[in-house]
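Coordinates from upload09.tsv are shown below (TSV, C-alpha atoms).
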```
chain	number	residue	atom	x	y	z
G	349	MET	CA	105.42	109.81	106.94
G	350	GLU	CA	105.87	107.35	109.80
G	351	ALA	CA	103.92	104.10	109.94
G	352	SER	CA	102.78	104.77	113.48
G	353	ASP	CA	103.09	107.45	116.11
G	354	ASP	CA	105.02	106.93	119.33
G	355	THR	CA	102.70	106.56	122.30
G	356	GLU	CA	103.23	106.76	126.05
G	357	GLU	CA	102.00	103.24	126.74
G	358	PRO	CA	102.79	100.17	124.67
G	359	PRO	CA	99.88	99.71	122.24
G	360	LEU	CA	97.77	96.58	122.17
G	361	PRO	CA	99.02	94.00	119.69
G	362	LEU	CA	98.06	95.01	116.16
G	363	ALA	CA	95.73	97.89	117.08
G	364	LEU	CA	94.47	98.79	113.60
G	365	THR	CA	94.70	102.56	114.10
G	366	ARG	CA	98.48	102.26	114.60
G	367	PHE	CA	98.70	101.15	110.97
G	368	GLN	CA	96.24	103.54	109.30
G	369	VAL	CA	93.75	100.69	108.95
G	370	SER	CA	90.09	101.60	109.40
G	371	GLU	CA	87.63	99.53	111.47
G	372	GLU	CA	84.99	100.34	108.84
G	373	PHE	CA	86.95	100.53	105.58
G	374	GLY	CA	90.02	98.35	106.15
G	375	PHE	CA	92.87	99.41	103.85
G	376	LEU	CA	90.61	101.76	101.86
G	377	LEU	CA	91.22	105.45	102.52
G	378	PRO	CA	88.08	106.46	104.48
G	379	ASP	CA	85.94	108.95	102.52
G	380	PRO	CA	88.79	110.41	100.42
G	381	LEU	CA	88.97	114.09	99.57
G	382	THR	CA	87.70	114.84	96.06
G	383	GLU	CA	89.25	118.30	95.54
G	384	LEU	CA	92.66	119.80	96.27
G	385	PRO	CA	93.16	123.34	97.63
G	386	ALA	CA	92.77	126.18	95.13
G	387	PRO	CA	96.49	126.56	94.25
G	388	TYR	CA	96.33	123.08	92.69
G	389	GLY	CA	93.51	123.93	90.30
G	390	PRO	CA	95.76	123.37	87.23
G	391	TRP	CA	96.31	119.73	88.27
G	392	MET	CA	92.62	119.13	88.99
G	393	ASP	CA	91.53	120.77	85.72
G	394	ILE	CA	93.66	118.33	83.73
G	395	ALA	CA	92.79	115.33	85.92
G	396	HIS	CA	89.05	115.81	85.46
G	397	GLN	CA	89.46	115.82	81.67
G	398	LEU	CA	91.87	112.89	81.37
G	399	PRO	CA	89.75	110.47	79.27
G	400	ARG	CA	88.96	113.19	76.69
G	401	LEU	CA	92.48	114.63	76.60
G	402	ILE	CA	94.07	111.18	76.19
G	403	MET	CA	91.64	110.00	73.51
G	404	ASN	CA	92.09	113.28	71.59
G	405	HIS	CA	95.91	113.04	71.92
G	406	GLN	CA	95.99	116.40	73.74
G	407	LEU	CA	97.18	115.47	77.23
G	408	ARG	CA	100.91	115.89	76.57
G	409	SER	CA	100.46	119.41	75.20
G	410	HIS	CA	98.31	120.35	78.23
G	411	VAL	CA	100.97	118.99	80.60
G	412	HIS	CA	103.68	120.99	78.82
G	413	GLN	CA	101.66	124.18	79.48
G	414	MET	CA	101.02	123.31	83.14
G	415	PRO	CA	102.75	125.52	85.75
G	416	GLN	CA	105.26	123.87	88.06
G	417	LEU	CA	103.54	124.03	91.44
G	418	SER	CA	105.11	123.86	94.87
G	419	THR	CA	103.88	121.01	97.05
G	420	GLN	CA	104.31	123.02	100.27
G	421	HIS	CA	100.62	123.95	100.46
G	422	LEU	CA	99.54	120.30	100.69
G	423	GLN	CA	98.65	119.48	104.27
G	424	GLY	CA	97.82	116.14	105.83
G	425	ARG	CA	97.61	112.61	104.53
G	426	GLU	CA	94.27	113.06	102.73
G	427	GLU	CA	95.50	115.97	100.60
G	428	LEU	CA	98.74	114.14	99.83
G	429	ARG	CA	96.89	110.96	98.83
G	430	LEU	CA	94.60	112.88	96.46
G	431	ALA	CA	97.59	114.74	94.99
G	432	HIS	CA	99.35	111.40	94.46
G	433	LEU	CA	96.27	109.93	92.75
G	434	VAL	CA	95.93	112.98	90.49
G	435	LEU	CA	99.62	113.13	89.52
G	436	SER	CA	99.75	109.34	89.05
G	437	CYS	CA	96.83	109.40	86.62
G	438	ILE	CA	98.23	112.39	84.71
G	439	THR	CA	101.61	110.62	84.50
G	440	THR	CA	100.26	107.29	83.23
G	441	GLY	CA	98.13	109.16	80.69
G	442	TYR	CA	101.15	111.20	79.58
G	443	VAL	CA	103.33	108.11	79.13
G	444	TRP	CA	100.75	105.94	77.35
G	445	GLN	CA	98.77	108.58	75.39
G	446	GLU	CA	100.06	107.25	72.06
G	447	GLY	CA	99.99	103.58	73.05
G	448	GLU	CA	102.95	101.28	73.59
G	449	GLU	CA	104.65	102.32	70.33
G	450	GLY	CA	104.56	106.04	71.13
G	451	THR	CA	105.99	106.15	74.64
G	452	VAL	CA	108.17	108.93	76.01
G	453	GLN	CA	111.56	108.70	77.68
G	454	VAL	CA	111.24	111.79	79.87
G	455	LEU	CA	108.56	112.97	82.28
G	456	PRO	CA	108.74	116.78	82.21
G	457	ARG	CA	110.02	118.64	85.25
G	458	ASN	CA	106.74	120.48	85.98
G	459	LEU	CA	105.08	117.10	86.54
G	460	ALA	CA	108.02	114.97	87.70
G	461	VAL	CA	109.29	117.20	90.53
G	462	PRO	CA	106.01	117.70	92.45
G	463	TYR	CA	105.09	114.07	91.82
G	464	TRP	CA	108.39	112.94	93.32
G	465	GLU	CA	107.96	115.24	96.34
G	466	VAL	CA	104.44	113.97	97.08
G	467	SER	CA	105.62	110.38	96.64
G	468	GLN	CA	108.50	110.92	99.07
G	469	ALA	CA	106.16	112.48	101.65
G	470	LEU	CA	103.86	109.44	101.49
G	471	GLY	CA	106.52	106.75	101.11
G	472	LEU	CA	104.90	105.62	97.84
G	473	PRO	CA	106.61	105.17	94.46
G	474	PRO	CA	105.94	107.73	91.71
G	475	ILE	CA	103.65	105.53	89.61
G	476	LEU	CA	99.96	104.67	89.56
G	477	SER	CA	99.44	101.81	92.03
G	478	HIS	CA	96.61	99.93	93.74
G	479	ALA	CA	96.95	102.33	96.69
G	480	ASP	CA	96.00	105.21	94.38
G	481	PHE	CA	93.63	103.86	91.78
G	482	VAL	CA	91.48	101.72	94.10
G	483	LEU	CA	92.11	102.56	97.76
G	484	ALA	CA	92.00	106.37	97.36
G	485	ASN	CA	89.84	106.78	94.24
G	486	TRP	CA	86.24	106.54	95.39
G	487	ARG	CA	83.39	108.75	96.46
G	488	ARG	CA	79.74	108.30	97.33
G	489	LYS	CA	77.21	109.93	94.97
G	490	ASP	CA	74.83	110.35	97.91
G	491	PRO	CA	77.07	111.13	100.91
G	492	ASN	CA	74.57	109.45	103.24
G	493	GLY	CA	73.97	106.48	100.96
G	494	PRO	CA	75.42	102.97	101.16
G	495	LEU	CA	78.83	101.74	100.01
G	496	GLU	CA	77.30	99.95	97.01
G	497	ILE	CA	78.34	100.18	93.39
G	498	GLU	CA	75.22	102.10	92.34
G	499	ASN	CA	76.06	104.82	94.88
G	500	LEU	CA	79.79	104.96	94.10
G	501	ASP	CA	81.97	106.65	91.52
G	502	THR	CA	85.66	107.20	90.90
G	503	ILE	CA	87.24	110.56	91.74
G	504	ILE	CA	89.63	110.46	88.76
G	505	ALA	CA	88.94	108.43	85.62
G	506	LEU	CA	91.06	107.17	82.74
G	507	PRO	CA	89.79	105.99	79.34
G	508	GLY	CA	87.40	103.05	79.46
G	509	GLY	CA	84.07	104.60	80.43
G	510	GLU	CA	81.73	102.39	82.43
G	511	SER	CA	84.13	99.44	82.28
G	512	LEU	CA	86.88	101.54	83.88
G	513	ARG	CA	84.47	102.64	86.60
G	514	GLY	CA	83.36	99.04	87.12
G	515	PHE	CA	86.92	97.74	87.31
G	516	VAL	CA	87.89	100.22	90.04
G	517	LEU	CA	84.69	99.89	92.05
G	518	VAL	CA	84.41	96.09	91.94
G	519	THR	CA	88.02	95.90	93.13
G	520	LEU	CA	87.12	98.38	95.88
G	521	LEU	CA	84.19	96.18	96.96
G	522	VAL	CA	86.56	93.20	97.19
G	523	GLU	CA	88.68	95.29	99.57
G	524	LYS	CA	85.59	96.26	101.56
G	525	ALA	CA	84.46	92.62	101.81
G	526	ALA	CA	87.83	91.82	103.41
G	527	VAL	CA	87.30	94.14	106.39
G	528	PRO	CA	85.82	91.54	108.79
G	529	GLY	CA	88.80	89.33	107.92
G	530	ILE	CA	91.29	92.11	108.72
G	531	LYS	CA	89.64	92.57	112.11
G	532	ALA	CA	89.65	88.79	112.58
G	533	ILE	CA	93.47	88.80	112.24
G	534	VAL	CA	93.68	91.03	115.29
G	535	GLY	CA	91.12	88.89	117.15
G	536	ALA	CA	92.92	85.66	116.30
G	537	LEU	CA	96.35	86.84	117.45
G	538	ARG	CA	94.93	88.19	120.71
G	539	ALA	CA	93.06	84.93	121.30
G	540	ILE	CA	96.28	82.94	120.88
G	541	LEU	CA	98.05	85.14	123.45
G	542	GLN	CA	95.12	84.70	125.85
G	543	CYS	CA	94.82	80.94	125.14
G	544	ASP	CA	91.14	81.48	124.31
G	545	GLU	CA	90.13	78.67	121.97
G	546	GLY	CA	86.51	79.80	121.60
G	547	THR	CA	87.44	83.32	120.52
G	548	LEU	CA	90.12	81.98	118.17
G	549	HIS	CA	87.60	79.62	116.56
G	550	ARG	CA	85.16	82.50	116.00
G	551	ALA	CA	87.93	84.67	114.52
G	552	LEU	CA	88.87	81.93	112.04
G	553	GLN	CA	85.22	81.52	111.05
G	554	GLU	CA	85.00	85.28	110.47
G	555	LEU	CA	88.18	85.21	108.40
G	556	ALA	CA	86.92	82.37	106.19
G	557	GLY	CA	83.59	84.15	105.74
G	558	ALA	CA	85.36	87.35	104.69
G	559	ILE	CA	87.51	85.56	102.10
G	560	GLU	CA	84.38	83.88	100.69
G	561	ALA	CA	82.66	87.29	100.54
G	562	MET	CA	85.66	88.68	98.64
G	563	GLY	CA	85.12	85.96	96.02
G	564	GLU	CA	81.44	86.92	95.74
G	565	ALA	CA	82.41	90.57	95.24
G	566	LEU	CA	84.98	89.63	92.57
G	567	ARG	CA	82.30	87.78	90.60
G	568	ARG	CA	80.63	91.13	89.91
G	569	MET	CA	83.49	91.98	87.53
G	570	HIS	CA	81.53	90.10	84.83
G	571	ASP	CA	78.57	92.45	85.26
G	572	TYR	CA	80.47	95.72	85.06
G	573	VAL	CA	83.62	95.25	82.95
G	574	ASP	CA	83.72	94.42	79.22
G	575	PRO	CA	86.77	92.18	78.53
G	576	GLU	CA	87.53	93.87	75.20
G	577	VAL	CA	87.46	97.36	76.72
G	578	PHE	CA	89.60	96.20	79.64
G	579	TYR	CA	92.23	94.62	77.41
G	580	THR	CA	92.37	97.10	74.51
G	581	VAL	CA	91.71	100.37	76.37
G	582	ILE	CA	92.16	100.20	80.15
G	583	ARG	CA	95.03	97.81	80.73
G	584	ILE	CA	97.83	99.86	79.20
G	585	PHE	CA	97.22	102.68	81.72
G	586	LEU	CA	97.84	100.22	84.56
G	587	SER	CA	101.20	99.25	83.04
G	588	GLY	CA	104.52	100.38	84.43
G	589	TRP	CA	108.04	100.92	83.17
G	590	LYS	CA	109.77	97.97	84.79
G	591	ASP	CA	109.84	94.52	83.14
G	592	ASN	CA	107.83	96.00	80.26
G	593	PRO	CA	109.15	95.47	76.70
G	594	ALA	CA	107.39	98.67	75.59
G	595	MET	CA	109.60	100.73	77.96
G	596	PRO	CA	112.77	98.67	78.43
G	597	HIS	CA	114.85	101.57	79.77
G	598	GLY	CA	112.39	102.99	82.30
G	599	LEU	CA	111.49	106.69	82.54
G	600	ILE	CA	113.58	109.78	83.31
G	601	TYR	CA	111.91	111.97	85.93
G	602	GLU	CA	113.28	115.35	84.84
G	603	GLY	CA	114.66	117.41	87.72
G	604	VAL	CA	114.74	114.32	89.95
G	605	SER	CA	117.28	111.93	88.42
G	606	PRO	CA	119.37	112.06	85.24
G	607	GLU	CA	119.13	108.26	85.07
G	608	PRO	CA	115.89	106.52	84.09
G	609	LEU	CA	113.88	104.99	86.94
G	610	ALA	CA	111.85	101.80	86.61
G	611	PHE	CA	108.66	101.08	88.56
G	612	SER	CA	106.12	98.28	88.25
G	613	GLY	CA	102.58	98.98	87.16
G	614	GLY	CA	99.44	98.47	89.22
G	615	SER	CA	98.78	94.91	90.33
G	616	ALA	CA	96.42	93.00	92.59
G	617	ALA	CA	99.63	91.78	94.25
G	618	GLN	CA	99.92	95.30	95.71
G	619	SER	CA	96.77	94.75	97.81
G	620	THR	CA	97.76	94.44	101.46
G	621	VAL	CA	94.80	92.16	102.20
G	622	LEU	CA	96.16	88.93	100.72
G	623	HIS	CA	99.66	89.56	102.09
G	624	ALA	CA	98.15	89.89	105.57
G	625	PHE	CA	96.11	86.70	105.19
G	626	ASP	CA	99.13	84.79	103.86
G	627	GLU	CA	101.25	85.85	106.82
G	628	LEU	CA	98.57	84.95	109.36
G	629	LEU	CA	97.97	81.51	107.83
G	630	GLY	CA	101.69	80.80	107.41
G	631	ILE	CA	101.47	80.37	103.61
G	632	CYS	CA	104.98	79.94	102.17
G	633	HIS	CA	105.26	80.79	98.48
G	634	ARG	CA	108.02	79.55	96.19
G	635	GLN	CA	111.11	81.66	95.92
G	636	ASP	CA	110.45	83.52	92.66
G	637	SER	CA	106.78	84.19	93.50
G	638	ALA	CA	107.68	85.23	97.04
G	639	ALA	CA	110.33	87.62	95.72
G	640	PHE	CA	107.80	89.33	93.42
G	641	LEU	CA	105.21	89.58	96.21
G	642	HIS	CA	107.76	91.11	98.58
G	643	ARG	CA	108.73	93.66	95.93
G	644	MET	CA	105.06	94.58	95.57
G	645	ARG	CA	105.00	95.56	99.25
G	646	ASP	CA	107.09	98.60	98.28
G	647	TYR	CA	103.95	99.85	96.49
G	648	MET	CA	101.81	99.81	99.65
G	649	PRO	CA	101.46	102.76	102.03
G	650	PRO	CA	104.28	102.26	104.58
G	651	ALA	CA	101.84	101.84	107.48
G	652	HIS	CA	100.10	98.97	105.68
G	653	ARG	CA	103.45	97.37	104.88
G	654	ALA	CA	104.29	97.63	108.59
G	655	PHE	CA	101.00	95.90	109.45
G	656	VAL	CA	101.99	92.89	107.33
G	657	ALA	CA	105.46	92.84	108.90
G	658	GLU	CA	103.88	92.87	112.37
G	659	ILE	CA	101.75	89.82	111.53
G	660	GLN	CA	104.87	88.10	110.19
G	661	ARG	CA	106.62	88.68	113.54
G	662	ALA	CA	103.63	87.55	115.62
G	663	VAL	CA	103.10	84.14	117.19
G	664	SER	CA	102.45	81.39	114.62
G	665	LEU	CA	98.74	80.64	114.19
G	666	LYS	CA	99.48	77.41	112.34
G	667	GLN	CA	101.81	76.13	115.06
G	668	HIS	CA	99.25	77.04	117.70
G	669	VAL	CA	96.49	75.12	115.89
G	670	LEU	CA	98.78	72.12	115.40
G	671	SER	CA	99.88	72.01	119.01
G	672	SER	CA	96.35	72.53	120.33
G	673	GLY	CA	95.23	69.15	118.95
G	674	SER	CA	91.78	70.71	118.47
G	675	ALA	CA	89.81	69.21	115.59
G	676	ARG	CA	87.49	72.23	115.35
G	677	LEU	CA	90.41	74.69	115.23
G	678	ARG	CA	92.07	72.59	112.54
G	679	ALA	CA	88.82	72.51	110.52
G	680	ALA	CA	88.35	76.28	110.88
G	681	PHE	CA	91.98	76.93	109.90
G	682	ASN	CA	91.63	74.69	106.84
G	683	ARG	CA	88.42	76.44	105.83
G	684	CYS	CA	90.39	79.72	105.74
G	685	VAL	CA	93.17	78.20	103.62
G	686	SER	CA	90.67	76.53	101.29
G	687	ALA	CA	88.73	79.79	100.86
G	688	LEU	CA	91.97	81.63	100.03
G	689	ALA	CA	92.95	78.97	97.46
G	690	ASP	CA	89.45	79.16	95.93
G	691	PHE	CA	89.70	82.95	95.72
G	692	ARG	CA	93.00	82.63	93.90
G	693	SER	CA	91.56	80.02	91.53
G	694	TYR	CA	88.74	82.42	90.71
G	695	HIS	CA	91.23	85.21	90.11
G	696	ILE	CA	92.91	82.93	87.56
G	697	ALA	CA	89.54	82.47	85.83
G	698	ILE	CA	89.05	86.26	85.70
G	699	VAL	CA	92.54	86.77	84.24
G	700	THR	CA	91.87	84.07	81.65
G	701	LYS	CA	88.74	85.90	80.49
G	702	TYR	CA	90.04	89.46	80.66
G	703	ILE	CA	93.60	88.90	79.41
G	704	THR	CA	94.19	85.55	77.69
G	705	ILE	CA	90.93	85.29	75.73
G	706	ALA	CA	90.83	89.05	75.16
G	707	ALA	CA	94.43	88.97	73.88
G	708	ALA	CA	93.55	86.22	71.41
G	709	LYS	CA	90.65	88.33	70.11
G	710	ALA	CA	92.92	91.36	69.86
G	711	ARG	CA	95.45	89.33	67.85
G	712	ALA	CA	92.65	88.26	65.52
G	713	GLY	CA	91.67	91.90	65.22
G	714	ARG	CA	95.22	92.88	64.33
G	715	ALA	CA	95.21	90.22	61.63
G	716	GLU	CA	92.09	91.85	60.17
G	717	PRO	CA	92.68	95.58	60.59
G	718	SER	CA	89.41	96.50	58.98
G	719	ALA	CA	87.48	94.43	61.49
G	720	ARG	CA	88.24	96.44	64.60
G	721	ALA	CA	91.06	98.72	65.70
G	722	GLY	CA	90.19	98.39	69.35
G	723	ARG	CA	87.64	100.59	71.00
G	724	SER	CA	90.31	103.11	71.87
G	725	GLY	CA	90.55	103.79	68.16
G	726	GLY	CA	94.20	102.80	68.49
G	727	LYS	CA	96.14	99.61	68.24
G	728	PRO	CA	95.44	97.01	70.95
G	729	PRO	CA	98.52	96.57	73.15
G	730	SER	CA	100.64	93.47	72.79
G	731	ALA	CA	103.77	94.02	74.92
G	732	LEU	CA	102.20	92.53	78.04
G	733	GLU	CA	100.13	89.72	76.49
G	734	ALA	CA	101.71	87.09	78.76
G	735	LYS	CA	102.51	89.38	81.68
G	736	GLY	CA	100.62	91.10	84.44
G	737	THR	CA	100.65	94.90	84.60
G	738	GLY	CA	103.01	94.52	87.57
G	739	GLY	CA	105.47	92.71	85.27
G	740	SER	CA	105.03	89.11	86.48
G	741	GLN	CA	104.70	86.10	84.19
G	742	ILE	CA	101.06	86.13	84.99
G	743	PHE	CA	99.83	82.53	84.77
G	744	SER	CA	102.83	80.77	86.21
G	745	PHE	CA	102.78	83.31	89.05
G	746	LEU	CA	99.05	83.04	89.82
G	747	LYS	CA	99.04	79.24	89.63
G	748	SER	CA	102.13	79.03	91.81
G	749	ILE	CA	100.64	81.14	94.61
G	750	ARG	CA	97.31	79.28	94.35
G	751	ASP	CA	99.09	75.90	94.62
G	752	THR	CA	101.28	76.94	97.54
G	753	THR	CA	98.18	78.26	99.29
G	754	ARG	CA	96.54	74.81	98.99
G	755	GLU	CA	99.72	73.25	100.41
G	756	GLY	CA	99.16	75.31	103.56
G	757	MET	CA	96.32	73.04	104.70
G	758	ILE	CA	96.83	71.08	107.92
G	759	SER	CA	96.37	67.37	107.21
G	760	ALA	CA	94.34	65.31	109.70
```
Spell out the structure here as structure tokens.
Amino acid sequence: MEASDDTEEPPLPLALTRFQVSEEFGFLLPDPLTELPAPYGPWMDIAHQLPRLIMNHQLRSHVHQMPQLSTQHLQGREELRLAHLVLSCITTGYVWQEGEEGTVQVLPRNLAVPYWEVSQALGLPPILSHADFVLANWRRKDPNGPLEIENLDTIIALPGGESLRGFVLVTLLVEKAAVPGIKAIVGALRAILQCDEGTLHRALQELAGAIEAMGEALRRMHDYVDPEVFYTVIRIFLSGWKDNPAMPHGLIYEGVSPEPLAFSGGSAAQSTVLHAFDELLGICHRQDSAAFLHRMRDYMPPAHRAFVAEIQRAVSLKQHVLSSGSARLRAAFNRCVSALADFRSYHIAIVTKYITIAAAKARAGRAEPSARAGRSGGKPPSALEAKGTGGSQIFSFLKSIRDTTREGMISA
């Protein structure tokens, strides 16, 4: 699937529709489909029962009985995105059904082959990513109601109950809060080309406001997600088979490759939003952090990846602000950078609560087996205690990108 269609006339710089970015929803898939065509009923039947099948240790046997379906009846991006979400969730459930000590080495052909074909059609890797679990995994309860958490639900769930729902939907609301900032990128770059200081100043104010609103949305995680449930139940299903001690050799996709393939798990670093903001503001991350972030771009829809690349190629906002000598542009630019650094600091606080502190409690629980065996009824995971689900060394990575963001300020 191409990132953008060829057009007769050269498009305006960064027209959002060229990059499958919505004026209303940003990088979220607008109003995703919730059902696949009838031939794919066997996939949907399993997908709608995933939490129960996983918790009852029955998912693998159901997958083994599943017919191998052709992907040729899937038409259009929306059907492909739903198929990818469904097959991603079935796959992560299949791999992690028995926890990190009961993983599999082979994904069976009847799942692996169609999953690979759908992934190839979309330009996405065959693993559950942010593009699936957040961007394409939402529906309104009341179709005419607002995009608010009380009126939202996931399309496909994994174990974790209300905390799983809260985790997906709060993350979705962070993406939605970013939309005015995404539009402000376009406005800012156009204003630079037109030498319009007033419009550029307004765009920077809108960008800063959007980043601040993203932080407000992220704060709702405390209201909807229980740290123990996140750490002991949910987190393993976001894990991948690259840089993960529980699956050091990767996963064989039967019928696709005789050699095991390794893919990173879901990560906030796969969100296009912060990549786009970094590129606009000229934030330069340190080599190891930058390398990880660039690898995470392979987990974005290709059109979104192209959007980030286009910003990277555009005229430098920072250089323009510096050469303008304008105190108000410099202040507006610095407000954007400061808001982004604050957002990243708050993300560190969230990770501390939901991973570091939760991991310590899980270790204490393992030391006293009678006390609590995790709410999954299984053994709390330990392989990724110091790592993100994407495989990064989580605290050194998050602190590094926060610190380099702060260094992007323009001094007076």
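Closest to Phe373 in chain G among G:Glu446, G:Asp751, G:Asp480, G:Glu523 is G:Glu523, based on only C-alpha atoms.
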* **Which residue of G:Asp393, G:Asp379, G:Asp626, G:Asp636 approaches Gln660 in chain G most closely, using only C-alpha atoms** =>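 For Gln660 in chain G, the nearest of the candidates is G:Asp626.
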* Near Ala558 in chain G, counting all atoms listed in the file, which residues have an atom at most 8 Å away, once you skip same-chain residues fewer than 4 positions from it, shown as a VMD selection string? -> chain G and resid 525 to 529 554 562
* For range 542-547 of chain G, work out the shell of residues within 9 Å, counting all atoms listed in the file and skipping chain neighbours fewer than 4 positions away, then give it as a PyMOL selection string. => chain G and resi 535-538+551-552+672+674+677
Could you give me, as a Markdown table, every range 460-550 of chain G residue with an atom at most 12 Å from range 692-699 of chain G, plus its closest atom pair and distance in Å to one decimal, counting only C-alpha atoms, rows ordered by chain then number?
```
| residue | atom | partner | partner_atom | distance |
| --- | --- | --- | --- | --- |
| G:Phe515 | CA | G:Ile698 | CA | 11.8 |
| G:Thr519 | CA | G:His695 | CA | 11.6 |
| G:Val522 | CA | G:His695 | CA | 11.7 |
```
* May I ask which of the residues G:Gln667, G:Gln453, G:Gln618, G:Thr753 is the closest one to His597 in chain G, counting all atoms listed in the file? => G:Gln453
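When CA of Glu426 in chain G is paired with CA of Ser370 in chain G, their separation reads 13.9 Å.
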* **Proximity to Arg583 in chain G - best of G:Ser511, G:Thr451, G:Ala395, G:Gln741, all atoms listed in the file** => G:Ser511
* Asked: For the atom pair CA of Leu521 in chain G and CA of Leu495 in chain G, what is the interatomic distance in Å to one decimal place?
  -> 8.3 Å
* Asked: Of the candidates G:Ile705, G:Ala386, G:Val443, G:Leu670, which one gets nearest to Pro456 in chain G if we count only C-alpha atoms?
  -> G:Val443
* Given all atoms listed in the file as the counted atoms, nearest of G:Leu483, G:Glu627, G:Ile758, G:Lys701 to Ala679 in chain G ->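 Ranked by minimum distance to Ala679 in chain G, first place goes to G:Ile758.
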* By how many Å are CA of Ala624 in chain G and CA of Pro650 in chain G apart? ->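 Separation between CA of Ala624 in chain G and CA of Pro650 in chain G: 13.8 Å.
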* To do: Fewer than 3 positions away in the same chain doesn't count, so skip those; otherwise give me all residues within 12 Å of range 413-420 of chain G, counting all atoms listed in the file, as a count of residues only.
  => 40
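The environment of Lys489 in chain G within 8 Å, counting all atoms listed in the file and disregarding residues fewer than 3 places along the same chain, consists of Gly493, Asn499, Leu500 and Asp501 of chain G.
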* Could you pull the residues within 8 Å of range 639-645 of chain G, counting all atoms listed in the file, minus those fewer than 2 positions along the same chain, as a VMD selection string? -> chain G and resid 617 to 618 620 635 to 637 647 to 648 653 740
Saved selection, atoms kept: C-alpha atoms, as an mmCIF file, in the coordinates of the input:
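Saved the output as selection28.cif:
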```cif
data_model
loop_
_atom_site.group_PDB
_atom_site.id
_atom_site.type_symbol
_atom_site.label_atom_id
_atom_site.label_comp_id
_atom_site.auth_asym_id
_atom_site.auth_seq_id
_atom_site.Cartn_x
_atom_site.Cartn_y
_atom_site.Cartn_z
ATOM 1 C CA ALA G 617 99.630 91.780 94.250
ATOM 2 C CA GLN G 618 99.920 95.300 95.710
ATOM 3 C CA THR G 620 97.760 94.440 101.460
ATOM 4 C CA GLN G 635 111.110 81.660 95.920
ATOM 5 C CA ASP G 636 110.450 83.520 92.660
ATOM 6 C CA SER G 637 106.780 84.190 93.500
ATOM 7 C CA TYR G 647 103.950 99.850 96.490
ATOM 8 C CA MET G 648 101.810 99.810 99.650
ATOM 9 C CA ARG G 653 103.450 97.370 104.880
ATOM 10 C CA SER G 740 105.030 89.110 86.480
#
```
